[in-house]
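What's in start-v5.txt: compact mmCIF, C-alpha atoms and all ligand atoms
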```txt
# COMPACT_ATOMS: atom_id res chain seq x y z
CA MET S 21 -6.71 134.61 7.82
CA ARG S 22 -6.33 132.09 10.65
CA ALA S 23 -3.70 129.35 11.06
CA VAL S 24 -6.36 126.87 12.20
CA ASP S 25 -8.24 127.22 8.90
CA ILE S 26 -5.03 126.63 6.93
CA ILE S 27 -4.32 123.46 8.94
CA ALA S 28 -7.88 122.26 8.29
CA LYS S 29 -7.55 122.86 4.54
CA THR S 30 -4.37 120.77 4.31
CA ARG S 31 -5.98 118.12 6.53
CA ASP S 32 -8.92 118.02 4.07
CA LYS S 33 -6.61 118.00 1.00
CA ILE S 34 -7.77 121.42 -0.21
CA PRO S 35 -4.83 123.22 -1.92
CA LEU S 36 -3.63 126.39 -0.20
CA THR S 37 -3.30 129.66 -2.06
CA ASP S 38 0.02 131.46 -2.38
CA ALA S 39 -1.24 134.08 0.11
CA GLU S 40 -2.16 131.41 2.66
CA LEU S 41 1.27 129.78 2.43
CA LYS S 42 2.94 133.17 2.82
CA PHE S 43 0.74 133.95 5.85
CA PHE S 44 1.66 130.61 7.47
CA VAL S 45 5.42 130.81 6.76
CA ASP S 46 5.73 134.46 7.79
CA GLY S 47 3.51 133.99 10.86
CA TYR S 48 5.50 131.00 12.09
CA THR S 49 8.85 132.70 11.41
CA ARG S 50 7.80 135.82 13.38
CA GLY S 51 6.49 133.68 16.26
CA ASP S 52 2.82 134.69 15.78
CA ILE S 53 1.92 131.09 14.91
CA PRO S 54 2.94 128.74 17.76
CA ASP S 55 4.88 125.47 17.44
CA TYR S 56 1.79 123.34 18.09
CA GLN S 57 -0.06 124.77 15.08
CA ALA S 58 3.02 124.52 12.84
CA ALA S 59 3.50 120.90 13.98
CA ALA S 60 -0.14 120.07 13.23
CA TRP S 61 0.20 121.55 9.74
CA CYS S 62 3.47 119.69 9.07
CA MET S 63 1.78 116.43 10.08
CA ALA S 64 -1.11 117.19 7.71
CA VAL S 65 1.48 117.68 4.93
CA VAL S 66 3.23 114.39 5.83
CA LEU S 67 -0.10 112.57 5.57
CA ASN S 68 -1.65 114.35 2.57
CA GLY S 69 1.24 115.91 0.63
CA LEU S 70 1.10 119.21 -1.25
CA THR S 71 0.59 119.96 -4.94
CA ASP S 72 3.69 120.93 -6.98
CA THR S 73 2.39 124.51 -7.07
CA GLU S 74 2.06 124.57 -3.27
CA ALA S 75 5.53 123.00 -2.80
CA THR S 76 7.13 125.63 -5.05
CA ALA S 77 5.29 128.49 -3.30
CA LEU S 78 6.25 127.10 0.14
CA THR S 79 9.90 126.92 -0.94
CA LEU S 80 9.97 130.47 -2.25
CA HIS S 81 8.27 131.94 0.84
CA MET S 82 10.73 130.06 3.07
CA ALA S 83 13.66 131.25 0.93
CA HIS S 84 12.44 134.86 1.21
CA SER S 85 11.82 134.68 4.98
CA GLY S 86 15.23 136.35 5.40
CA ASP S 87 17.97 137.75 3.16
CA THR S 88 18.58 136.18 -0.24
CA LEU S 89 22.21 136.54 -1.22
CA ASP S 90 23.51 137.71 -4.55
CA LEU S 91 27.03 136.30 -4.55
CA HIS S 92 28.07 137.77 -7.88
CA GLN S 93 29.69 140.75 -6.17
CA ILE S 94 32.04 138.15 -4.57
CA ALA S 95 32.55 135.54 -7.28
CA PRO S 96 31.24 135.01 -10.80
CA PHE S 97 30.11 131.43 -10.12
CA VAL S 98 29.49 129.71 -6.76
CA VAL S 99 28.61 126.04 -6.27
CA ASP S 100 26.76 124.27 -3.48
CA LYS S 101 25.60 120.77 -2.56
CA HIS S 102 23.02 119.33 -0.21
CA SER S 103 22.18 115.87 1.03
CA THR S 104 18.64 114.74 1.73
CA GLY S 105 19.98 113.10 4.89
CA GLY S 106 21.50 109.77 5.73
CA VAL S 107 23.49 107.81 8.29
CA GLY S 108 27.26 108.29 8.38
CA ASP S 109 26.90 111.05 5.79
CA LYS S 110 29.92 113.29 6.34
CA THR S 111 30.20 114.11 2.63
CA THR S 112 30.21 117.92 3.00
CA LEU S 113 33.28 117.79 5.25
CA VAL S 114 35.29 116.40 2.35
CA VAL S 115 33.48 117.74 -0.70
CA ALA S 116 33.36 121.43 0.29
CA PRO S 117 37.14 121.87 0.75
CA LEU S 118 37.88 119.51 -2.15
CA VAL S 119 35.85 121.59 -4.60
CA ALA S 120 37.12 124.88 -3.13
CA ALA S 121 40.66 123.54 -3.67
CA THR S 122 40.00 123.64 -7.43
CA GLY S 123 39.39 127.40 -7.13
CA LEU S 124 35.61 127.08 -7.46
CA PRO S 125 33.97 128.93 -4.55
CA VAL S 126 31.66 126.81 -2.32
CA GLY S 127 29.05 128.70 -0.28
CA LYS S 128 26.79 126.45 1.72
CA MET S 129 24.12 126.50 4.37
CA SER S 130 23.85 123.20 6.24
CA GLY S 131 21.58 121.68 8.87
CA ARG S 132 21.78 119.92 12.21
CA GLY S 133 20.83 116.29 12.80
CA LEU S 134 17.31 115.52 11.67
CA GLY S 135 15.55 112.44 13.07
CA PHE S 136 17.97 109.50 12.78
CA SER S 137 20.09 111.33 10.20
CA GLY S 138 23.17 113.28 11.28
CA GLY S 139 23.77 116.91 10.32
CA THR S 140 26.90 118.67 9.09
CA ILE S 141 26.52 121.55 11.55
CA ASP S 142 26.57 119.20 14.56
CA LYS S 143 29.63 117.44 13.12
CA LEU S 144 31.47 120.73 12.61
CA GLU S 145 30.70 121.79 16.17
CA SER S 146 32.87 118.87 17.30
CA PHE S 147 35.71 121.36 16.78
CA ASP S 148 36.11 123.66 19.79
CA GLY S 149 35.27 127.21 18.80
CA PHE S 150 33.87 126.47 15.30
CA ARG S 151 31.28 129.14 14.48
CA VAL S 152 28.21 127.98 12.58
CA SER S 153 26.10 131.07 13.18
CA LEU S 154 27.40 133.62 10.71
CA THR S 155 25.93 136.97 9.79
CA THR S 156 25.38 137.64 6.11
CA ALA S 157 28.45 139.90 6.12
CA GLU S 158 30.59 137.13 7.65
CA PHE S 159 29.26 134.56 5.14
CA LEU S 160 30.26 136.84 2.26
CA GLN S 161 33.63 137.67 3.77
CA MET S 162 34.51 133.97 4.22
CA LEU S 163 33.56 133.26 0.63
CA LYS S 164 35.60 136.17 -0.65
CA GLU S 165 38.73 135.45 1.39
CA HIS S 166 38.74 131.64 1.55
CA LYS S 167 36.41 130.53 -1.29
CA ILE S 168 34.61 128.33 1.22
CA VAL S 169 31.95 128.87 3.86
CA VAL S 170 29.49 126.56 5.61
CA SER S 171 27.00 128.09 7.99
CA GLY S 172 23.89 126.94 9.84
CA GLN S 173 20.50 128.53 9.39
CA SER S 174 20.63 132.00 10.86
CA ALA S 175 18.30 134.83 11.66
CA ASP S 176 19.39 136.28 8.31
CA LEU S 177 19.25 133.34 5.89
CA ALA S 178 16.10 131.22 5.48
CA PRO S 179 15.06 131.62 9.15
CA ALA S 180 11.75 129.89 8.34
CA ASP S 181 13.64 126.70 7.53
CA GLY S 182 15.58 127.01 10.79
CA LYS S 183 12.31 126.94 12.73
CA PHE S 184 10.50 124.28 10.68
CA TYR S 185 13.62 122.06 10.64
CA ALA S 186 14.03 122.02 14.43
CA LEU S 187 10.29 121.38 14.84
CA ARG S 188 10.14 118.56 12.27
CA ASP S 189 13.15 116.86 13.87
CA VAL S 190 11.17 116.13 17.05
CA THR S 191 7.58 115.80 15.78
CA ALA S 192 8.02 112.86 13.36
CA THR S 193 7.36 115.15 10.40
CA VAL S 194 10.60 114.79 8.46
CA GLU S 195 9.48 112.12 5.98
CA SER S 196 7.59 114.24 3.47
CA LEU S 197 8.64 114.95 -0.11
CA PRO S 198 7.34 118.57 -0.24
CA LEU S 199 8.69 119.44 3.24
CA ILE S 200 12.15 118.04 2.41
CA ALA S 201 12.18 119.73 -1.01
CA ALA S 202 11.11 123.10 0.47
CA SER S 203 13.58 122.83 3.36
CA ILE S 204 16.54 122.07 1.11
CA MET S 205 15.74 124.33 -1.80
CA SER S 206 14.80 127.33 0.39
CA LYS S 207 18.28 127.22 1.94
CA LYS S 208 19.94 126.76 -1.43
CA ILE S 209 18.02 129.63 -3.03
CA ALA S 210 18.64 131.98 -0.09
CA SER S 211 22.37 131.28 0.02
CA GLY S 212 22.75 132.22 -3.63
CA ALA S 213 24.83 129.52 -5.37
CA ASP S 214 24.66 129.33 -9.17
CA ALA S 215 24.92 125.54 -9.31
CA ILE S 216 23.63 122.99 -6.82
CA VAL S 217 24.30 119.26 -6.62
CA LEU S 218 21.63 117.36 -4.69
CA ASP S 219 22.80 114.20 -2.95
CA VAL S 220 19.56 112.23 -2.79
CA LYS S 221 19.68 109.12 -0.62
CA VAL S 222 17.42 106.11 -0.93
CA GLY S 223 16.92 103.09 1.32
CA LYS S 224 16.37 102.14 4.94
CA GLY S 225 18.57 104.92 6.30
CA ALA S 226 17.09 107.63 4.08
CA PHE S 227 13.84 109.55 4.19
CA MET S 228 12.93 108.14 0.76
CA HIS S 229 12.63 104.35 0.82
CA THR S 230 12.15 103.57 -2.87
CA VAL S 231 14.07 104.66 -5.97
CA ALA S 232 10.77 105.96 -7.42
CA ASP S 233 10.24 108.25 -4.39
CA ALA S 234 13.89 109.40 -4.48
CA GLU S 235 13.53 110.21 -8.18
CA ALA S 236 10.32 112.14 -7.52
CA LEU S 237 12.07 114.16 -4.77
CA ALA S 238 15.09 114.78 -7.00
CA GLU S 239 12.91 115.89 -9.91
CA THR S 240 10.85 118.23 -7.71
CA MET S 241 13.99 119.90 -6.34
CA VAL S 242 15.65 120.14 -9.76
CA ALA S 243 12.46 121.77 -11.16
CA ILE S 244 12.27 124.28 -8.28
CA GLY S 245 15.96 125.20 -8.67
CA GLU S 246 15.82 125.49 -12.46
CA GLY S 247 12.63 127.56 -12.09
CA VAL S 248 14.69 130.24 -10.33
CA GLY S 249 17.55 130.04 -12.82
CA ARG S 250 20.00 127.74 -11.00
CA ARG S 251 21.97 124.89 -12.59
CA VAL S 252 20.93 121.76 -10.68
CA ALA S 253 21.89 118.06 -10.80
CA ALA S 254 20.91 115.19 -8.50
CA ILE S 255 22.81 112.03 -7.60
CA ILE S 256 20.68 109.20 -6.22
CA SER S 257 22.70 106.83 -4.04
CA ASP S 258 22.17 103.86 -1.74
CA MET S 259 21.55 104.43 1.96
CA ASN S 260 20.46 100.97 3.07
CA GLN S 261 23.71 100.65 5.03
CA PRO S 262 25.64 103.59 6.56
CA LEU S 263 28.05 105.54 4.35
CA GLY S 264 31.65 104.73 5.31
CA TYR S 265 32.34 103.09 8.67
CA ALA S 266 31.84 105.87 11.26
CA VAL S 267 28.50 107.12 12.64
CA GLY S 268 28.66 109.84 15.32
CA ASN S 269 29.74 113.47 15.20
CA ALA S 270 33.45 113.53 16.13
CA LEU S 271 33.94 109.97 14.80
CA GLU S 272 32.71 111.12 11.41
CA VAL S 273 34.96 114.17 11.50
CA LYS S 274 37.92 111.82 12.07
CA GLU S 275 36.85 109.63 9.14
CA ALA S 276 36.53 112.73 6.95
CA ILE S 277 40.05 113.80 8.02
CA ASP S 278 41.41 110.36 7.03
CA THR S 279 39.71 110.76 3.64
CA LEU S 280 41.18 114.23 3.20
CA HIS S 281 44.59 112.65 3.80
CA GLY S 282 43.99 110.32 0.83
CA GLY S 283 42.69 107.36 2.90
CA GLY S 284 39.23 106.67 4.29
CA PRO S 285 36.64 104.03 3.37
CA ALA S 286 36.44 103.22 -0.35
CA ASP S 287 32.66 103.75 -0.67
CA PHE S 288 32.86 107.12 1.07
CA ARG S 289 35.86 108.34 -0.96
CA ASP S 290 34.16 107.36 -4.21
CA HIS S 291 30.90 109.04 -3.16
CA CYS S 292 32.77 112.27 -2.35
CA LEU S 293 34.52 112.16 -5.72
CA THR S 294 31.18 111.71 -7.51
CA VAL S 295 29.43 114.57 -5.69
CA ALA S 296 32.44 116.90 -5.94
CA GLY S 297 32.97 115.82 -9.57
CA LYS S 298 29.43 116.81 -10.49
CA MET S 299 29.90 120.19 -8.77
CA VAL S 300 33.14 120.79 -10.69
CA GLU S 301 31.49 119.71 -13.95
CA LEU S 302 28.52 122.08 -13.38
CA GLY S 303 31.01 124.79 -12.48
CA GLY S 304 32.73 124.36 -15.84
CA LYS S 305 36.10 123.20 -14.47
CA ALA S 306 35.97 119.80 -16.20
CA GLU S 307 34.41 118.49 -19.41
CA THR S 308 33.14 115.19 -17.99
CA LEU S 309 32.41 113.64 -14.62
CA ASP S 310 35.27 111.14 -15.09
CA ALA S 311 37.76 113.91 -15.86
CA ALA S 312 36.54 115.84 -12.81
CA LYS S 313 36.90 112.78 -10.54
CA ALA S 314 40.46 112.11 -11.74
CA MET S 315 41.46 115.73 -11.06
CA LEU S 316 39.85 115.66 -7.60
CA ALA S 317 41.42 112.32 -6.62
CA GLN S 318 44.79 113.96 -7.19
CA LEU S 319 43.84 116.86 -4.85
CA LEU S 320 42.87 114.38 -2.13
CA ASP S 321 46.09 112.42 -2.53
CA ASP S 322 48.53 115.33 -2.73
CA GLY S 323 47.30 117.18 0.40
CA THR S 324 45.71 120.16 -1.39
CA ALA S 325 42.18 119.35 -0.16
CA TRP S 326 43.44 118.81 3.40
CA ALA S 327 45.21 122.20 3.37
CA LYS S 328 41.93 123.85 2.26
CA PHE S 329 40.01 122.04 5.01
CA LYS S 330 42.45 123.34 7.65
CA GLU S 331 42.26 126.88 6.29
CA TRP S 332 38.43 126.73 6.39
CA ILE S 333 38.05 125.27 9.89
CA ILE S 334 40.53 127.75 11.37
CA ALA S 335 38.93 130.70 9.53
CA GLN S 336 35.54 129.80 11.05
CA GLY S 337 37.10 129.68 14.53
CA GLY S 338 37.78 125.92 14.87
CA SER S 339 40.65 124.59 16.98
CA GLU S 340 43.98 124.20 15.17
CA ALA S 341 45.19 121.87 17.91
CA GLN S 342 42.33 119.43 17.19
CA LEU S 343 43.07 119.61 13.47
CA ASP S 344 46.71 118.75 14.08
CA ASP S 345 45.82 116.04 16.56
CA PRO S 346 42.28 114.64 15.97
CA SER S 347 42.59 112.55 19.17
CA LEU S 348 41.83 115.86 20.94
CA LEU S 349 38.35 115.92 19.40
CA PRO S 350 35.53 114.94 21.81
CA SER S 351 35.68 111.26 22.75
CA ALA S 352 33.67 108.82 24.86
CA PRO S 353 34.76 107.26 28.18
CA ILE S 354 33.87 103.72 27.05
CA ILE S 355 35.36 102.43 23.79
CA GLU S 356 34.76 98.72 23.31
CA THR S 357 34.73 96.38 20.35
CA VAL S 358 31.88 93.92 19.79
CA ALA S 359 32.84 90.60 18.20
CA ALA S 360 30.87 88.90 15.41
CA PRO S 361 28.48 86.40 17.07
CA ARG S 362 28.80 84.05 14.07
CA GLY S 363 30.72 83.70 10.83
CA GLY S 364 29.37 84.35 7.34
CA TYR S 365 28.77 87.15 4.89
CA ILE S 366 27.19 90.44 5.92
CA ALA S 367 23.84 90.60 4.09
CA GLY S 368 22.55 93.88 5.56
CA ILE S 369 23.27 96.61 8.12
CA ASP S 370 20.01 98.47 8.80
CA ALA S 371 21.13 102.07 8.47
CA ALA S 372 18.01 103.54 10.12
CA GLU S 373 18.53 101.35 13.18
CA VAL S 374 22.21 102.35 13.31
CA GLY S 375 21.18 106.03 13.10
CA LYS S 376 18.48 105.67 15.77
CA THR S 377 20.91 103.84 18.06
CA GLY S 378 23.41 106.67 17.61
CA VAL S 379 20.69 109.16 18.64
CA ALA S 380 19.79 106.99 21.68
CA MET S 381 23.48 106.92 22.67
CA GLY S 382 23.31 110.73 22.89
CA GLY S 383 24.64 111.68 19.46
CA GLY S 384 21.32 113.24 18.31
CA ARG S 385 18.30 114.99 19.80
CA GLU S 386 15.12 113.46 21.21
CA LYS S 387 13.60 116.91 21.94
CA LYS S 388 14.06 120.35 20.38
CA GLY S 389 17.23 122.02 21.67
CA ASP S 390 18.54 118.92 23.50
CA PRO S 391 22.32 119.04 24.01
CA ILE S 392 24.21 116.34 22.10
CA ASP S 393 27.26 114.26 22.94
CA TYR S 394 29.87 114.79 20.21
CA GLY S 395 32.09 111.90 21.30
CA VAL S 396 29.68 108.95 21.15
CA GLY S 397 28.92 106.72 18.19
CA ILE S 398 29.60 103.58 16.25
CA VAL S 399 32.43 102.41 14.02
CA LEU S 400 31.63 99.45 11.77
CA HIS S 401 34.40 96.99 10.89
CA ALA S 402 32.60 95.41 7.94
CA LYS S 403 30.12 96.37 5.23
CA VAL S 404 27.55 94.46 3.19
CA GLY S 405 29.24 91.71 1.15
CA ASP S 406 32.24 91.32 3.51
CA ALA S 407 33.11 87.88 4.90
CA VAL S 408 33.55 87.91 8.70
CA ALA S 409 34.70 85.02 10.91
CA ALA S 410 33.00 84.34 14.26
CA GLY S 411 34.76 86.31 17.00
CA GLU S 412 36.30 88.88 14.63
CA PRO S 413 35.63 92.57 15.40
CA LEU S 414 32.23 93.61 14.02
CA LEU S 415 31.73 97.07 15.55
CA THR S 416 33.41 99.41 18.01
CA LEU S 417 31.08 101.36 20.26
CA HIS S 418 31.98 104.72 21.80
CA ALA S 419 29.53 105.14 24.69
CA HIS S 420 29.08 107.49 27.64
CA SER S 421 28.06 104.70 30.07
CA ALA S 422 28.03 100.92 30.46
CA GLU S 423 24.24 100.98 30.20
CA SER S 424 24.36 102.88 26.90
CA PHE S 425 27.02 100.47 25.60
CA GLU S 426 24.79 97.44 26.38
CA MET S 427 21.72 99.07 24.82
CA ALA S 428 23.66 99.87 21.64
CA LYS S 429 25.29 96.44 21.46
CA THR S 430 21.91 94.64 21.66
CA ARG S 431 20.27 96.91 19.07
CA LEU S 432 23.18 96.83 16.63
CA LEU S 433 23.73 93.08 16.74
CA ALA S 434 20.04 92.80 15.76
CA ALA S 435 20.53 95.36 12.97
CA VAL S 436 23.09 93.17 11.16
CA SER S 437 21.79 90.33 8.98
CA TRP S 438 23.92 87.42 7.79
CA SER S 439 24.12 84.98 4.94
CA ASP S 440 25.99 81.70 4.59
CA GLU S 441 26.33 82.35 0.86
CA PRO S 442 28.49 85.11 -0.67
CA VAL S 443 26.65 88.43 -0.98
CA ALA S 444 27.50 90.97 -3.70
CA ALA S 445 28.34 94.46 -2.41
CA PRO S 446 25.43 96.69 -3.53
CA PRO S 447 26.10 99.42 -6.11
CA HIS S 448 26.42 102.80 -4.41
CA THR S 449 25.48 105.34 -7.12
CA ILE S 450 22.07 104.47 -8.54
CA LYS S 451 21.32 107.32 -10.93
CA ILE S 452 22.51 110.78 -11.89
CA ILE S 453 19.89 113.30 -13.03
CA GLY S 454 20.94 116.44 -14.89
N1 LIG B 1 17.95 118.15 4.72
C1 LIG B 1 17.32 119.33 4.91
O1 LIG B 1 17.96 120.39 4.88
N2 LIG B 1 16.02 119.33 5.12
C2 LIG B 1 15.27 118.21 5.15
O2 LIG B 1 14.08 118.29 5.33
C3 LIG B 1 15.93 116.97 4.95
C4 LIG B 1 17.29 116.97 4.74
```
Translate this structure into structure tokens?
Amino acid sequence: MRAVDIIAKTRDKIPLTDAELKFFVDGYTRGDIPDYQAAAWCMAVVLNGLTDTEATALTLHMAHSGDTLDLHQIAPFVVDKHSTGGVGDKTTLVVAPLVAATGLPVGKMSGRGLGFSGGTIDKLESFDGFRVSLTTAEFLQMLKEHKIVVSGQSADLAPADGKFYALRDVTATVESLPLIAASIMSKKIASGADAIVLDVKVGKGAFMHTVADAEALAETMVAIGEGVGRRVAAIISDMNQPLGYAVGNALEVKEAIDTLHGGGPADFRDHCLTVAGKMVELGGKAETLDAAKAMLAQLLDDGTAWAKFKEWIIAQGGSEAQLDDPSLLPSAPIIETVAAPRGGYIAGIDAAEVGKTGVAMGGGREKKGDPIDYGVGIVLHAKVGDAVAAGEPLLTLHAHSAESFEMAKTRLLAAVSWSDEPVAAPPHTIKIIG
């Protein structure tokens, strides 16, 4: 078998056999197939797609590229969640400790930034000392002792996804239903949770731009998960504008901390309660989603979720000083507010453009392995539907240089659209499947 023939088959829309997919995944994971051939194949998949049979086989070979955990020796039932990627999406930082605070163990493998979308692992690395690279033994120990663990891809767990993910990030090959489904579900299957809630985003700042595409992605992932005996649900939510107000690694950590203290932006808090509520419902700790959300709101407001967050960050090596005083988290030398150039109602905030500007400011990667700047980013002062007077604060930019500030200001002012007439705030949750 030769990689070049496999690339040509996908280019010519000829379905691959199970053995060919295994050859390609194993060969790339071992380093026998180089990046340029893997990138060419990913681009062929972006352009031509894969059949459902191919997508399932790809997922399973990626899941079995390393260890697959059986967590039942640790806990009878473990839950997990995963987002398909969005802008300002710091949901895991709140949801993981919130669910663990109910006593339901949360074991999760997360990713780094991907294209214009941020990644939980980069956000967590805003804490000095936080360890994202855990061995299988450390993953299990964290889950046993603290009922919560979030790790990055490792040499042990779904290493194939680790390689494909970093490659897709910088080769414009993220936006593909089968590649996203295989990437997410391979990690979820390898890390062993019994129930998985998929946070599927749709809109300008998501990889799926229409509700129909988001539904198709959700249904593919639910089918793959159920096919291997997992309980799976998907929540489809709006990502035309960023989630919450903050976009940027340490800025998002601070917003998550506010939310864990019972505050935070209303849309973000409600989204966290919905995702966590579905996890708790699948985990059998509440009869209905509404009952789960009410119980979880209490845990956010009474400090229980915050205490679990602290325990988790410290147990994975993160700085206690930064937890106690978030102003010690990485910050930018230039922090300046941009005023609204006119008055009116906010009609749109192009989330993709906000995400791409954040990457250009240094908060994400342009090339594989690029270092990132944890302190830079954007804080919005208004969301779609809000009335803003001319000259009122519209955004605050955290930049590493005056040049970067000016670039971001120009791009972001163009990313905001206005209306003279009132605009209704868009609904956030669009559909729940499963
Ligand atoms: N999240 C992932 O883990 N993989 C993708 O491809 C997209 C979002």
Practice prompt. Using all atoms listed in the file, find each residue with an atom at most 10 Å away from ligand LIG 1 (chain B) and format the answer as a PyMOL selection string.
Written response: chain S and resi 102-106+129-135+137-140+173+181-182+184-186+188-189+193-208+219-221+226-227
Keeping only C-alpha atoms, take the residues you just selected and write them out as a short mmCIF file (atom, residue, chain, number, x, y, z; two decimals), in the coordinates of the input.
```
data_model
loop_
_atom_site.label_atom_id
_atom_site.label_comp_id
_atom_site.auth_asym_id
_atom_site.auth_seq_id
_atom_site.Cartn_x
_atom_site.Cartn_y
_atom_site.Cartn_z
CA HIS S 102 23.02 119.33 -0.21
CA SER S 103 22.18 115.87 1.03
CA THR S 104 18.64 114.74 1.73
CA GLY S 105 19.98 113.10 4.89
CA GLY S 106 21.50 109.77 5.73
CA MET S 129 24.12 126.50 4.37
CA SER S 130 23.85 123.20 6.24
CA GLY S 131 21.58 121.68 8.87
CA ARG S 132 21.78 119.92 12.21
CA GLY S 133 20.83 116.29 12.80
CA LEU S 134 17.31 115.52 11.67
CA GLY S 135 15.55 112.44 13.07
CA SER S 137 20.09 111.33 10.20
CA GLY S 138 23.17 113.28 11.28
CA GLY S 139 23.77 116.91 10.32
CA THR S 140 26.90 118.67 9.09
CA GLN S 173 20.50 128.53 9.39
CA ASP S 181 13.64 126.70 7.53
CA GLY S 182 15.58 127.01 10.79
CA PHE S 184 10.50 124.28 10.68
CA TYR S 185 13.62 122.06 10.64
CA ALA S 186 14.03 122.02 14.43
CA ARG S 188 10.14 118.56 12.27
CA ASP S 189 13.15 116.86 13.87
CA THR S 193 7.36 115.15 10.40
CA VAL S 194 10.60 114.79 8.46
CA GLU S 195 9.48 112.12 5.98
CA SER S 196 7.59 114.24 3.47
CA LEU S 197 8.64 114.95 -0.11
CA PRO S 198 7.34 118.57 -0.24
CA LEU S 199 8.69 119.44 3.24
CA ILE S 200 12.15 118.04 2.41
CA ALA S 201 12.18 119.73 -1.01
CA ALA S 202 11.11 123.10 0.47
CA SER S 203 13.58 122.83 3.36
CA ILE S 204 16.54 122.07 1.11
CA MET S 205 15.74 124.33 -1.80
CA SER S 206 14.80 127.33 0.39
CA LYS S 207 18.28 127.22 1.94
CA LYS S 208 19.94 126.76 -1.43
CA ASP S 219 22.80 114.20 -2.95
CA VAL S 220 19.56 112.23 -2.79
CA LYS S 221 19.68 109.12 -0.62
CA ALA S 226 17.09 107.63 4.08
CA PHE S 227 13.84 109.55 4.19
#
```
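Residue neighbourhood of Ser339 (chain S), excluding near-sequence residues (fewer than 4 positions): Phe147, Asp148, Gly149, Phe150, Ile333, Ile334 and Leu343 of chain S, at 8 Å, using only C-alpha atoms.
Among S:Ala409, S:Ala236, S:Ala192, S:Leu280, the residue with the shortest atom-to-atom distance to Gly323 (chain S), counting only C-alpha atoms, is S:Leu280.
Picture a line from CA of Ile255 (chain S) to CA of Trp438 (chain S); it runs 29.0 Å.
A straight line drawn from CA of Val267 (chain S) to CA of Val114 (chain S) is 15.4 Å long.
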Fill in: Given only C-alpha atoms as the counted atoms, nearest of S:Thr430, S:Thr73, S:Ser347, S:Thr49 to Lys183 (chain S)
S:Thr49
Worksheet item: Which residues, written as JSON, numbers by chain, have at least one atom at most 7 Å from region 371-382 of chain S, with all atoms listed in the file counted and residues fewer than 3 positions away on the same chain left out?
Response: {"S": [107, 136, 137, 224, 225, 259, 260, 261, 262, 268, 385, 392, 393, 396, 397, 419, 424, 428, 432, 435]}
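Using all atoms listed in the file, the protein and nucleic acid residues lying no more than 7 Å from Val98 (chain S), apart from those fewer than 5 places from it along its own chain, are Leu124, Pro125, Val126, Gly127, Ala213, Asp214 and Ala215 of chain S.
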